[in-house]
file coords34.cif (mmCIF, C-alpha atoms)
data_protein
#
loop_
_atom_site.label_atom_id
_atom_site.label_comp_id
_atom_site.auth_asym_id
_atom_site.auth_seq_id
_atom_site.Cartn_x
_atom_site.Cartn_y
_atom_site.Cartn_z
CA MET A 1 -71.67 19.55 21.51
CA SER A 2 -74.88 18.74 23.39
CA PHE A 3 -76.14 20.87 26.28
CA MET A 4 -75.32 18.18 28.87
CA ARG A 5 -71.82 17.67 27.48
CA ARG A 6 -71.20 21.43 27.67
CA ILE A 7 -72.32 21.45 31.32
CA PHE A 8 -70.10 18.43 32.07
CA SER A 9 -67.16 20.12 30.36
CA ARG A 10 -67.61 23.31 32.41
CA VAL A 11 -67.90 21.40 35.68
CA THR A 12 -64.83 19.33 34.86
CA SER A 13 -62.83 22.44 33.94
CA ALA A 14 -63.87 24.15 37.17
CA ARG A 15 -62.80 21.10 39.18
CA MET A 16 -59.46 20.95 37.38
CA SER A 17 -58.77 24.64 37.94
CA THR A 18 -59.46 24.13 41.64
CA THR A 19 -57.43 20.96 42.04
CA THR A 20 -54.48 22.27 40.02
CA ALA A 21 -54.18 25.54 41.96
CA PRO A 22 -50.61 25.70 43.32
CA TYR A 23 -51.76 26.31 46.90
CA SER A 24 -54.75 27.50 48.88
CA LEU A 25 -54.84 30.79 50.77
CA GLU A 26 -56.56 31.57 54.04
CA PRO A 27 -56.51 35.31 54.85
CA LEU A 28 -55.53 36.34 58.38
CA LYS A 29 -55.75 39.62 60.27
CA LEU A 30 -52.50 40.41 58.48
CA GLY A 31 -51.12 38.14 55.77
CA ALA A 32 -52.39 34.76 54.63
CA VAL A 33 -51.78 31.08 55.37
CA ALA A 34 -50.72 29.04 52.34
CA ARG A 35 -51.29 25.28 52.21
CA GLY A 36 -50.79 22.54 49.65
CA LEU A 37 -47.36 23.42 48.26
CA ASN A 38 -44.17 21.64 49.32
CA LEU A 39 -41.37 24.19 49.13
CA LYS A 40 -38.79 21.39 49.10
CA ASP A 41 -40.03 20.27 45.66
CA ASN A 42 -39.13 21.93 42.39
CA VAL A 43 -41.40 24.93 41.95
CA SER A 44 -42.24 26.16 38.45
CA PRO A 45 -41.52 29.74 37.33
CA GLU A 46 -45.28 30.31 37.05
CA VAL A 47 -45.88 29.32 40.67
CA ILE A 48 -42.92 31.42 41.83
CA ALA A 49 -44.43 34.41 40.03
CA GLN A 50 -47.76 33.74 41.79
CA ILE A 51 -46.03 33.53 45.18
CA LYS A 52 -44.31 36.88 44.62
CA GLN A 53 -47.63 38.49 43.65
CA ASP A 54 -49.29 37.07 46.76
CA VAL A 55 -46.52 38.31 49.04
CA THR A 56 -47.00 41.80 47.61
CA LYS A 57 -50.79 41.55 48.02
CA HIS A 58 -50.91 40.00 51.50
CA HIS A 59 -47.61 41.35 52.92
CA ILE A 60 -46.73 38.02 54.54
CA LEU A 61 -47.35 34.44 53.37
CA ILE A 62 -47.15 31.66 55.94
CA PHE A 63 -46.47 28.32 54.26
CA LYS A 64 -47.56 25.51 56.56
CA ASP A 65 -46.41 21.92 57.04
CA GLN A 66 -42.97 22.33 55.47
CA GLY A 67 -41.03 20.21 57.93
CA VAL A 68 -37.40 21.31 58.31
CA ILE A 69 -36.04 23.12 55.27
CA SER A 70 -32.29 22.96 54.77
CA GLY A 71 -30.16 26.08 54.76
CA ASP A 72 -29.31 25.57 51.08
CA ARG A 73 -33.00 25.29 50.13
CA HIS A 74 -33.88 28.30 52.29
CA VAL A 75 -31.35 30.31 50.30
CA GLU A 76 -32.64 28.98 46.96
CA ILE A 77 -36.20 29.99 47.84
CA SER A 78 -35.02 33.42 48.98
CA GLN A 79 -33.27 33.97 45.65
CA TRP A 80 -36.67 33.88 43.92
CA PHE A 81 -37.03 37.42 45.25
CA GLY A 82 -33.58 38.75 44.36
CA GLU A 83 -29.98 38.84 45.48
CA LEU A 84 -29.36 37.95 49.11
CA GLU A 85 -27.66 40.36 51.47
CA SER A 86 -26.38 38.80 54.67
CA THR A 87 -26.33 40.53 58.02
CA PHE A 88 -23.08 40.94 59.88
CA TYR A 89 -24.30 38.49 62.54
CA LYS A 90 -22.89 34.97 62.14
CA HIS A 91 -23.28 31.90 64.32
CA PRO A 92 -21.23 28.70 64.15
CA LYS A 93 -24.38 26.57 63.87
CA SER A 94 -25.85 28.48 60.95
CA PRO A 95 -26.54 26.02 58.11
CA HIS A 96 -25.43 28.52 55.42
CA PRO A 97 -23.40 31.77 55.37
CA ASP A 98 -26.51 33.68 54.22
CA VAL A 99 -28.81 32.22 56.89
CA PHE A 100 -29.06 34.23 60.10
CA ARG A 101 -29.63 31.83 62.99
CA VAL A 102 -31.30 33.20 66.14
CA SER A 103 -32.22 31.47 69.37
CA ASN A 104 -32.95 31.77 73.07
CA ASP A 105 -29.77 29.79 73.74
CA LYS A 106 -26.45 31.42 72.77
CA THR A 107 -24.92 28.01 72.03
CA GLU A 108 -27.62 27.47 69.37
CA GLY A 109 -27.95 30.90 67.77
CA CYS A 110 -27.61 34.66 68.20
CA THR A 111 -29.63 35.87 71.19
CA GLY A 112 -31.51 39.09 71.93
CA VAL A 113 -32.37 39.56 68.26
CA GLY A 114 -35.40 41.69 67.40
CA ARG A 115 -35.89 42.90 70.97
CA THR A 116 -34.67 46.48 70.53
CA GLY A 117 -38.05 47.71 69.31
CA TRP A 118 -40.43 47.66 66.35
CA HIS A 119 -38.60 48.03 63.04
CA ILE A 120 -38.08 47.05 59.44
CA ASP A 121 -34.88 45.18 58.65
CA GLY A 122 -32.01 47.15 57.15
CA SER A 123 -33.30 50.65 57.92
CA PHE A 124 -29.67 51.69 58.46
CA GLN A 125 -28.75 50.90 54.84
CA PRO A 126 -29.07 53.13 51.76
CA ALA A 127 -31.78 50.69 50.59
CA PRO A 128 -33.50 48.62 53.32
CA PHE A 129 -33.93 44.90 52.71
CA ALA A 130 -36.73 44.17 50.23
CA TYR A 131 -37.86 40.85 51.70
CA ALA A 132 -37.23 38.69 54.77
CA LEU A 133 -37.87 34.94 54.83
CA TYR A 134 -38.21 33.12 58.15
CA HIS A 135 -38.22 29.43 59.05
CA MET A 136 -38.71 28.11 62.57
CA VAL A 137 -36.40 25.12 63.02
CA SER A 138 -37.11 24.45 66.69
CA VAL A 139 -40.49 25.59 68.01
CA PRO A 140 -40.75 26.50 71.71
CA GLN A 141 -43.51 24.94 73.75
CA ASN A 142 -44.87 28.28 74.98
CA GLY A 143 -44.48 31.81 73.63
CA GLY A 144 -41.81 32.84 71.17
CA ASN A 145 -44.22 34.73 68.90
CA THR A 146 -43.17 37.18 66.20
CA VAL A 147 -45.47 40.20 65.89
CA PHE A 148 -46.18 42.16 62.71
CA VAL A 149 -47.93 45.42 61.81
CA ASN A 150 -49.27 46.59 58.44
CA LEU A 151 -47.46 49.89 57.84
CA SER A 152 -49.88 51.30 55.25
CA ALA A 153 -52.78 50.66 57.62
CA LEU A 154 -50.79 52.36 60.38
CA ILE A 155 -50.29 55.49 58.28
CA GLU A 156 -53.94 55.55 57.24
CA SER A 157 -54.95 55.37 60.91
CA LEU A 158 -53.01 58.50 61.85
CA GLY A 159 -54.74 61.74 62.69
CA LYS A 160 -54.27 64.49 60.10
CA GLU A 161 -51.87 66.61 62.15
CA ARG A 162 -49.73 63.66 63.25
CA ARG A 163 -49.44 62.43 59.70
CA LYS A 164 -48.30 65.90 58.57
CA ARG A 165 -45.66 65.87 61.32
CA TRP A 166 -44.32 62.50 60.26
CA GLU A 167 -44.18 63.62 56.62
CA ARG A 168 -41.62 66.23 57.71
CA LEU A 169 -39.31 63.73 59.41
CA ARG A 170 -36.29 61.75 58.29
CA MET A 171 -34.67 59.11 60.48
CA ILE A 172 -30.94 58.82 61.04
CA SER A 173 -29.85 55.33 62.06
CA ASP A 174 -27.33 54.79 64.81
CA SER A 175 -24.76 54.00 62.10
CA ARG A 176 -25.42 57.48 60.60
CA ASP A 177 -25.13 56.00 57.11
CA SER A 178 -28.46 57.29 55.84
CA ALA A 179 -31.27 59.76 56.43
CA HIS A 180 -34.51 58.22 55.17
CA PRO A 181 -37.96 59.81 55.13
CA ILE A 182 -40.15 58.09 57.68
CA ILE A 183 -43.15 58.06 55.33
CA TYR A 184 -42.42 57.22 51.70
CA SER A 185 -43.79 55.33 48.68
CA HIS A 186 -43.53 51.54 48.57
CA PRO A 187 -41.50 50.86 45.40
CA ILE A 188 -43.94 48.28 44.01
CA THR A 189 -47.42 49.15 45.28
CA LYS A 190 -46.79 52.93 45.66
CA SER A 191 -48.80 52.79 48.89
CA LYS A 192 -47.39 54.92 51.69
CA THR A 193 -45.22 52.95 54.07
CA LEU A 194 -42.78 53.56 56.91
CA CYS A 195 -39.00 53.38 57.28
CA PHE A 196 -38.19 53.16 60.98
CA HIS A 197 -36.37 51.37 63.79
CA LEU A 198 -37.40 52.19 67.35
CA GLY A 199 -34.18 50.78 68.77
CA MET A 200 -31.54 51.89 66.25
CA THR A 201 -32.31 55.54 65.57
CA GLU A 202 -29.72 58.18 66.46
CA ALA A 203 -31.88 61.22 65.67
CA PHE A 204 -34.45 62.69 63.31
CA ILE A 205 -34.23 65.59 60.88
CA TRP A 206 -37.09 68.02 60.57
CA ASP A 207 -37.77 69.60 57.15
CA LYS A 208 -34.58 68.43 55.42
CA GLY A 209 -33.49 70.67 52.54
CA THR A 210 -35.39 73.73 53.76
CA GLN A 211 -34.42 76.75 55.85
CA GLN A 212 -36.21 75.11 58.79
CA GLU A 213 -33.97 72.01 58.70
CA ARG A 214 -32.81 70.90 62.13
CA TYR A 215 -31.78 67.78 64.04
CA THR A 216 -33.66 66.52 67.07
CA ASN A 217 -31.92 66.39 70.42
CA LEU A 218 -31.87 63.26 72.57
CA LYS A 219 -35.07 64.15 74.43
CA GLU A 220 -37.04 65.00 71.30
CA THR A 221 -35.78 61.88 69.54
CA GLY A 222 -37.07 59.74 72.39
CA GLU A 223 -40.44 61.51 72.32
CA ILE A 224 -40.87 60.82 68.60
CA LEU A 225 -39.87 57.17 68.99
CA ASP A 226 -42.41 56.83 71.79
CA GLU A 227 -45.02 58.50 69.61
CA ILE A 228 -44.46 55.93 66.85
CA TYR A 229 -44.61 53.09 69.36
CA ARG A 230 -47.91 54.31 70.81
CA GLU A 231 -49.44 54.52 67.32
CA ILE A 232 -48.43 50.90 66.60
CA VAL A 233 -49.91 49.43 69.80
CA LYS A 234 -52.96 51.73 70.11
CA ASN A 235 -56.46 50.42 70.66
CA ASP A 236 -55.25 47.20 72.30
CA GLY A 237 -53.09 46.33 69.32
CA GLU A 238 -55.84 46.34 66.71
CA LEU A 239 -53.24 46.76 63.93
CA ILE A 240 -50.97 43.98 65.21
CA TYR A 241 -50.84 40.33 64.16
CA SER A 242 -48.99 38.02 66.56
CA HIS A 243 -47.78 34.85 64.87
CA LYS A 244 -47.63 31.75 67.03
CA TRP A 245 -45.10 29.50 65.35
CA GLU A 246 -45.86 25.88 64.54
CA VAL A 247 -43.58 23.10 63.32
CA GLY A 248 -42.94 23.51 59.59
CA ASP A 249 -43.86 27.21 59.28
CA PHE A 250 -42.02 29.14 56.56
CA ILE A 251 -42.84 32.85 56.27
CA MET A 252 -42.17 35.09 53.26
CA SER A 253 -42.44 38.75 54.21
CA ASP A 254 -42.46 42.01 52.28
CA ASN A 255 -40.05 43.78 54.62
CA LEU A 256 -40.98 47.22 53.26
CA SER A 257 -44.69 46.90 54.01
CA VAL A 258 -44.67 45.35 57.49
CA GLY A 259 -42.93 46.28 60.70
CA HIS A 260 -42.11 43.52 63.14
CA GLU A 261 -40.70 42.74 66.55
CA ALA A 262 -39.72 39.63 68.49
CA SER A 263 -42.06 39.24 71.45
CA PRO A 264 -40.46 39.26 74.95
CA SER A 265 -40.99 35.52 75.32
CA THR A 266 -38.60 34.83 72.43
CA GLN A 267 -35.77 35.27 74.91
CA HIS A 268 -37.23 33.27 77.78
CA HIS A 269 -34.83 30.54 78.85
CA ARG A 270 -35.12 27.23 77.04
CA ASN A 271 -35.74 25.54 80.40
CA SER A 272 -39.04 27.44 80.67
CA ILE A 273 -40.35 27.48 77.09
CA GLY A 274 -38.17 25.03 75.23
CA LEU A 275 -35.56 25.66 72.54
CA ARG A 276 -36.34 28.34 69.97
CA VAL A 277 -34.27 28.37 66.77
CA LEU A 278 -35.25 30.63 63.87
CA HIS A 279 -33.52 30.90 60.49
CA ARG A 280 -33.82 34.13 58.51
CA THR A 281 -32.59 35.38 55.17
CA THR A 282 -32.81 38.90 53.80
CA VAL A 283 -33.06 40.03 50.18
CA LYS A 284 -31.04 43.05 49.10
CA GLY A 285 -32.99 46.25 48.67
CA ILE A 286 -32.65 48.12 45.38
CA HIS A 287 -34.79 51.18 46.16
CA SER A 288 -33.80 53.95 48.53
CA PRO A 289 -36.90 55.25 50.39
CA THR A 290 -38.39 58.04 48.26
CA LYS A 291 -41.62 60.00 48.33
CA GLU A 292 -43.27 59.61 44.92
CA TYR A 293 -45.89 62.21 45.79
CA ASP A 294 -46.06 65.77 47.00
CA PRO A 295 -46.80 65.70 50.75
CA ASP A 296 -47.94 69.35 50.63
CA THR A 297 -50.89 68.40 48.41
CA GLU A 298 -51.95 65.41 50.51
CA ASP A 299 -55.16 65.64 52.56
#

call {"tool": "encode", "arguments": {"input": "coords34.cif", "output": "C-alpha cells"}}
result
Amino acid sequence: MSFMRRIFSRVTSARMSTTTAPYSLEPLKLGAVARGLNLKDNVSPEVIAQIKQDVTKHHILIFKDQGVISGDRHVEISQWFGELESTFYKHPKSPHPDVFRVSNDKTEGCTGVGRTGWHIDGSFQPAPFAYALYHMVSVPQNGGNTVFVNLSALIESLGKERRKRWERLRMISDSRDSAHPIIYSHPITKSKTLCFHLGMTEAFIWDKGTQQERYTNLKETGEILDEIYREIVKNDGELIYSHKWEVGDFIMSDNLSVGHEASPSTQHHRNSIGLRVLHRTTVKGIHSPTKEYDPDTED
C-alpha cells in the first residue's frame, strides 16, 4: 500500500471510530452529559456494557433529548443494571408498578419525596439500592433541581480526626433493620464511600463489636447528623452539583457513590413553578456495606 493510501486509511478509520461512537460525553462538576444515543431504540449489549462502565466512572450519566420514555421502557433500561426493587410508595398515576412517581401535586404523584435530608436510597435495607434511574416527565418552569454530592470526594475532604471519628460509626435507620458502617468500600471501585440518611437515622453505634460499643442518645445523634450535613455543604457547596432538569433528561446514577437531595423548590406549588413529575426506578443492592480495609492502618 502506498504512503498516501496508508494515510487515507488511517484518517478514514479515525473518522469512522468517531462517528460510530455510541454517544458523546461532556464531563460536568459531577457526572457527565451523554448525547447522541436514543434510549428508546434497541441498544446493543456492547453499548449497554459501555454505559455501565461510564456510570461507574462518572457516578451519574445524564442522557439528553430523550423525549418522554414510557414506564415499560424505563423499567427495561433499569434492568440493564440488575433486578429491580420497588419502594413501598405507590401512586395511581404511576406508569408501571416498579416506577416511583413523585410530584409537587399529590394528584399527580407522591409529594414531599427527598426532602428529609441528604441520603442514599435504601440505607435502611440490608443492602442499599445499587442504582437509581430518574426521568423527568413534566419539567417545572422554575426550580425543581435535584442536587448530588460525590461521596468519595467528601470523605477525601475530611480532616484526619473527623475521618477517624466517622470510621468508628455505624448508622441505625429508623426502621432499625440494619446497622451499616458510615464509611465503607464501594463494592465495584473499592473507593471509600458513605452509607447515610440525614432524615431517617434513629441512632449511631460507636465502636461496634468492641468493649467501647455504645449507642448515641438523641442529642448526640442530632449532632452527628448536623456534622455530616455541614461537611456536605461546606465551602459554599464546592462538592455539590445541582442538576437543573430539562425536557427529555434521563439520569442513570450509581446510588452507592453519590448522595442526593431534592431541593426545596421541588415542592413549590405548581401554580408558582409549574407541574413537576419525576419517575424513578431503583435496582436491588446485592452488597451489604463492608469495610474492605483496616481503618486502624489508614492515614

call {"tool": "closest_residue", "arguments": {"input": "coords34.cif", "among": "A:Asp98, A:Glu108, A:Asp174, A:Glu156", "to": "Gln125 in chain A", "atoms": "all atoms listed in the file"}}
result
A:Asp174

call {"tool": "residues_around", "arguments": {"input": "coords34.cif", "residues": "Gln267 in chain A", "least_positions_apart": "3", "cutoff": "8 Å", "atoms": "only C-alpha atoms", "output": "JSON, numbers by chain"}}
result
{"A": [103, 104, 111, 112, 144, 264]}

call {"tool": "resolve_selection", "arguments": {"input": "coords34.cif", "expression": "the PyMOL selection byres ((chain A and resi 152) around 8)", "output": "list in words"}}
result
Asn150, Leu151, Ala153, Leu154, Ile155, Glu156, Ser191, Lys192, Thr193, Leu194 and Ser257 of chain A

call {"tool": "residues_around", "arguments": {"input": "coords34.cif", "residues": "Tyr229 in chain A", "least_positions_apart": "5", "cutoff": "9 Å", "atoms": "all atoms listed in the file", "output": "VMD selection string"}}
result
chain A and resid 117 to 118 198 224 234

call {"tool": "closest_residue", "arguments": {"input": "coords34.cif", "among": "A:Lys219, A:His135, A:Arg270, A:Arg115", "to": "Trp245 in chain A", "atoms": "all atoms listed in the file"}}
result
A:His135

call {"tool": "closest_residue", "arguments": {"input": "coords34.cif", "among": "A:Val258, A:Met171, A:Ala127, A:Ile188", "to": "Tyr215 in chain A", "atoms": "only C-alpha atoms"}}
result
A:Met171

call {"tool": "resolve_selection", "arguments": {"input": "coords34.cif", "expression": "the PyMOL selection byres ((chain A and resi 65) around 10)", "output": "PyMOL selection string"}}
result
chain A and resi 34-39+62-64+66-68+246-250

call {"tool": "write_last_selection", "arguments": {"input": "coords34.cif", "atoms": "C-alpha atoms", "output": "PDB file, in the frame of the given file"}}
result
ATOM      1  CA  ALA A  34     -50.720  29.040  52.340  1.00  0.00           C
ATOM      2  CA  ARG A  35     -51.290  25.280  52.210  1.00  0.00           C
ATOM      3  CA  GLY A  36     -50.790  22.540  49.650  1.00  0.00           C
ATOM      4  CA  LEU A  37     -47.360  23.420  48.260  1.00  0.00           C
ATOM      5  CA  ASN A  38     -44.170  21.640  49.320  1.00  0.00           C
ATOM      6  CA  LEU A  39     -41.370  24.190  49.130  1.00  0.00           C
ATOM      7  CA  ILE A  62     -47.150  31.660  55.940  1.00  0.00           C
ATOM      8  CA  PHE A  63     -46.470  28.320  54.260  1.00  0.00           C
ATOM      9  CA  LYS A  64     -47.560  25.510  56.560  1.00  0.00           C
ATOM     10  CA  GLN A  66     -42.970  22.330  55.470  1.00  0.00           C
ATOM     11  CA  GLY A  67     -41.030  20.210  57.930  1.00  0.00           C
ATOM     12  CA  VAL A  68     -37.400  21.310  58.310  1.00  0.00           C
ATOM     13  CA  GLU A 246     -45.860  25.880  64.540  1.00  0.00           C
ATOM     14  CA  VAL A 247     -43.580  23.100  63.320  1.00  0.00           C
ATOM     15  CA  GLY A 248     -42.940  23.510  59.590  1.00  0.00           C
ATOM     16  CA  ASP A 249     -43.860  27.210  59.280  1.00  0.00           C
ATOM     17  CA  PHE A 250     -42.020  29.140  56.560  1.00  0.00           C
TER      18      PHE A 250
END

call {"tool": "resolve_selection", "arguments": {"input": "coords34.cif", "expression": "the PyMOL selection byres ((chain A and resi 182) around 12)", "output": "PyMOL selection string"}}
result
chain A and resi 119-120+123+151+155+163-173+178-181+183-186+192-198+201+203-208+224-225+228+256+288-291

call {"tool": "atom_distance", "arguments": {"input": "coords34.cif", "atom1": "CA of Ser157 in chain A", "atom2": "CA of Ile232 in chain A"}}
result
9.7 Å

call {"tool": "atom_distance", "arguments": {"input": "coords34.cif", "atom1": "CA of Gly31 in chain A", "atom2": "CA of Glu161 in chain A"}}
result
29.2 Å

call {"tool": "closest_residue", "arguments": {"input": "coords34.cif", "among": "A:Lys29, A:Lys244, A:His279, A:Lys40", "to": "Asn142 in chain A", "atoms": "only C-alpha atoms"}}
result
A:Lys244
